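*Asks:* Can you read through this structure? Questions will come right after.
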Amino acid sequence: SYEATSVTPDEDFLLYWSTTQNPIGASLLTYWPSDEDRGYFLFLASPAVGAKEDAARPKEITLVVDTSGSMAGDKIEQVRAALRQVIGGLNPGDRFNVIAYHTAVMPLWEGVQPATPARRQEAFEFVSKLRAEGGTNIKDALSSALAGSKSDGMSSVILFLTDGRPTVGLTDTNRILKAVEAANPKGRTRIFAFGVGVDVNTVLLDRLALENHGAPSFVRPSEDVEPKVAALYEKLRYPVLTDLTFKARGMRVTEVLPGTIPDLFRGGQVVLAGRYERGGRVESVLAGVDGNVTREYHYVVNAGRKGQGLTNDFPARVW
């Protein structure tokens with residue numbers, strides 16, 4: 001039951017409950033139409049509510065912000081506010097840098113610096129002076145961010161923000177992605193892409209994030225940028241499991257998407273879609289890195305055989 005007095009019920013009432021004692025819960029949904037030789041599956045995994053309260057480990061974060069001419073007006077003001085919020089929320093052990101870009105690339109420092117009060121103040125002053133002008137040099141901005149120094153034992157994250165398409169320097173999507181792959185082998189630096197408005201290259205930002213263990217996020221022109229950036233930053237602050245791998249013993253899974261599994265963060269969810277060739281009892285194994293420790297989570301579930309499983313085809317449509 002829920003009771004309250006002198007309260008205006010102007011927000012949704014949210015009730016969370018747990019169905020497992022595991023730190024990470026998972027479920028398997030299957031759909032196998034009788035006229036096909038393989039089935040479709042969705043594997044869903046999410047951390048327990050309130051899990052990993054102590055997961056804010058020291059990290060390196062590079063804030064890469066588009067200051068091209070199209071960011072003029074409310075956009076640049078909102079971005080300034082969002083950057084100030086992120087910089088203010090850094091932990092004492094973190095290291096960070098701010099890189100502004102338009103036609104040229106303008107890093108605050110040559111590499112990441114400790115998040116000391118003095119360095120934060122320098123960053124606040126840098127952000128306050130950002131002006132919207134010029135074109136959009138995405139490739140050079142990413143290259144500059146990835147070339148920054150990396151500290152052993154610390155996770156490295158780029159928060160990349162843009163409101164447009166590349167117009168300066170290298171502009172071909174595939175060539176930009178190949179350059180990022182060469183500079184960031186195996187996605188060691190996580191890239192979170194943030195698109196503002198309707199003119200962004202969504203294909204580029206989606207692949208940039210998903211191929212580098214991050215996540216894309218977008219806001220419409222009428223939306224407030226500041227809370228969206230803050231929410232994305234709050235998500236990446238608390239990694240629960242990184243460098244994930246997935247196995248389904250007994251299913252003979254194929255064509256699992258996405259090909260690079262994104263990291264699992266507090267309050268987030270991993271969704272994998274694929275095909276499978278054998279139903280029945282299945283042992284699903286989700287493995288990843290928790291800090292410096294490799295962990296495995298095992299789930300015994302059932303996969304529908306041909307003609308069984310869900311009657312709704314949404315696993316197939318998701319795949």
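Chains: A, B, ... in order of the structure tokens. Residues: from 1 per chain. Ligands: from 1, in order shown.
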So that I can see what lies close to stretch 259-266 of chain A, please list as a PyMOL selection string the residues with an atom at most 9 Å from it, counting only C-alpha atoms and leaving out residues fewer than 6 positions away in the same chain.
*Replies:* chain A and resi 45-53+55+190+209-215+235-246+272+288
*Asks:* If we count only C-alpha atoms, what is near A:Glu133 at a cut-off of 12 Å, once residues fewer than 6 positions away on the same chain are taken out, given as a PyMOL selection string?
*Replies:* chain A and resi 66-73+76+100-104
*Asks:* To one decimal in Å, tell me the separation between atom CA of A:Leu83 and atom CA of A:Arg57.
*Replies:*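 Value for the atom CA of A:Leu83-atom CA of A:Arg57 distance: 20.2 Å.
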*Asks:* Calculated over only C-alpha atoms, which of the candidates A:Ile158, A:Ile176, A:Leu44, A:Val168 has the smallest distance to A:Val98?
*Replies:*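 That would be A:Ile158, the residue with the smallest distance to A:Val98.
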*Asks:* Would you please give, as number ranges by chain, all residues of stretch 255-309 of chain A that DSSP assigns to strand (DSSP E or B) based on the backbone?
*Replies:* A: 255-257, 264-265, 270-276, 280-290, 293-303, 309
*Asks:* Using only C-alpha atoms, which of the listed residues (A:Gly307, A:Pro216, A:Gly88, A:Gly135) sits closest to A:Phe192?
*Replies:*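 Among the listed residues, A:Pro216 lies closest to A:Phe192.
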*Asks:* Looking only at the backbone, which of the residues in stretch 172-275 of chain A does DSSP tag as helix (DSSP H, G or I), as a PyMOL selection string?
*Replies:* chain A and resi 173-183+185-187+202-210+225-237
*Asks:* Need the shell around A:Val86: protein/DNA/RNA residues with any atom at most 12 Å away, counting only C-alpha atoms. Skip same-chain ones fewer than 2 positions apart. Format as number ranges by chain?
*Replies:* A: 61-63, 79-84, 88-91, 94, 96-98, 115, 120, 123-124, 127, 159, 226-237
*Asks:* Generate a file of the selected residues that holds C-alpha atoms, formatted as a compact mmCIF listing (two decimals), in the first residue's frame.
*Replies:*
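Resulting contents of part_33.txt:
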# COMPACT_ATOMS: atom_id res chain seq x y z
CA ILE A 61 36.45 11.82 -19.61
CA THR A 62 36.93 14.08 -22.62
CA LEU A 63 34.06 16.42 -23.43
CA VAL A 79 25.44 23.29 -24.00
CA ARG A 80 27.40 25.65 -21.74
CA ALA A 81 25.04 24.83 -18.88
CA ALA A 82 25.31 21.09 -19.55
CA LEU A 83 29.12 21.22 -19.64
CA ARG A 84 29.23 23.14 -16.38
CA GLY A 88 30.94 20.16 -11.56
CA GLY A 89 29.94 16.52 -11.07
CA LEU A 90 33.42 15.07 -11.59
CA ASN A 91 34.90 13.09 -8.71
CA ASP A 94 38.83 11.75 -12.21
CA PHE A 96 39.23 15.32 -17.82
CA ASN A 97 39.61 17.63 -20.78
CA VAL A 98 37.31 19.83 -22.87
CA ALA A 115 39.79 17.21 -11.67
CA ARG A 120 37.73 22.86 -12.92
CA ALA A 123 37.39 24.62 -17.54
CA PHE A 124 34.47 26.77 -16.38
CA VAL A 127 33.28 26.96 -21.41
CA LEU A 159 31.23 12.45 -24.59
CA GLU A 226 20.99 20.26 -20.42
CA PRO A 227 18.99 17.52 -18.61
CA LYS A 228 19.56 15.05 -21.45
CA VAL A 229 23.34 15.52 -21.31
CA ALA A 230 23.25 15.30 -17.52
CA ALA A 231 21.24 12.07 -17.68
CA LEU A 232 23.66 10.53 -20.17
CA TYR A 233 26.62 11.54 -18.03
CA GLU A 234 24.99 10.10 -14.91
CA LYS A 235 24.59 6.83 -16.80
CA LEU A 236 28.20 6.53 -17.91
CA ARG A 237 29.47 7.39 -14.41
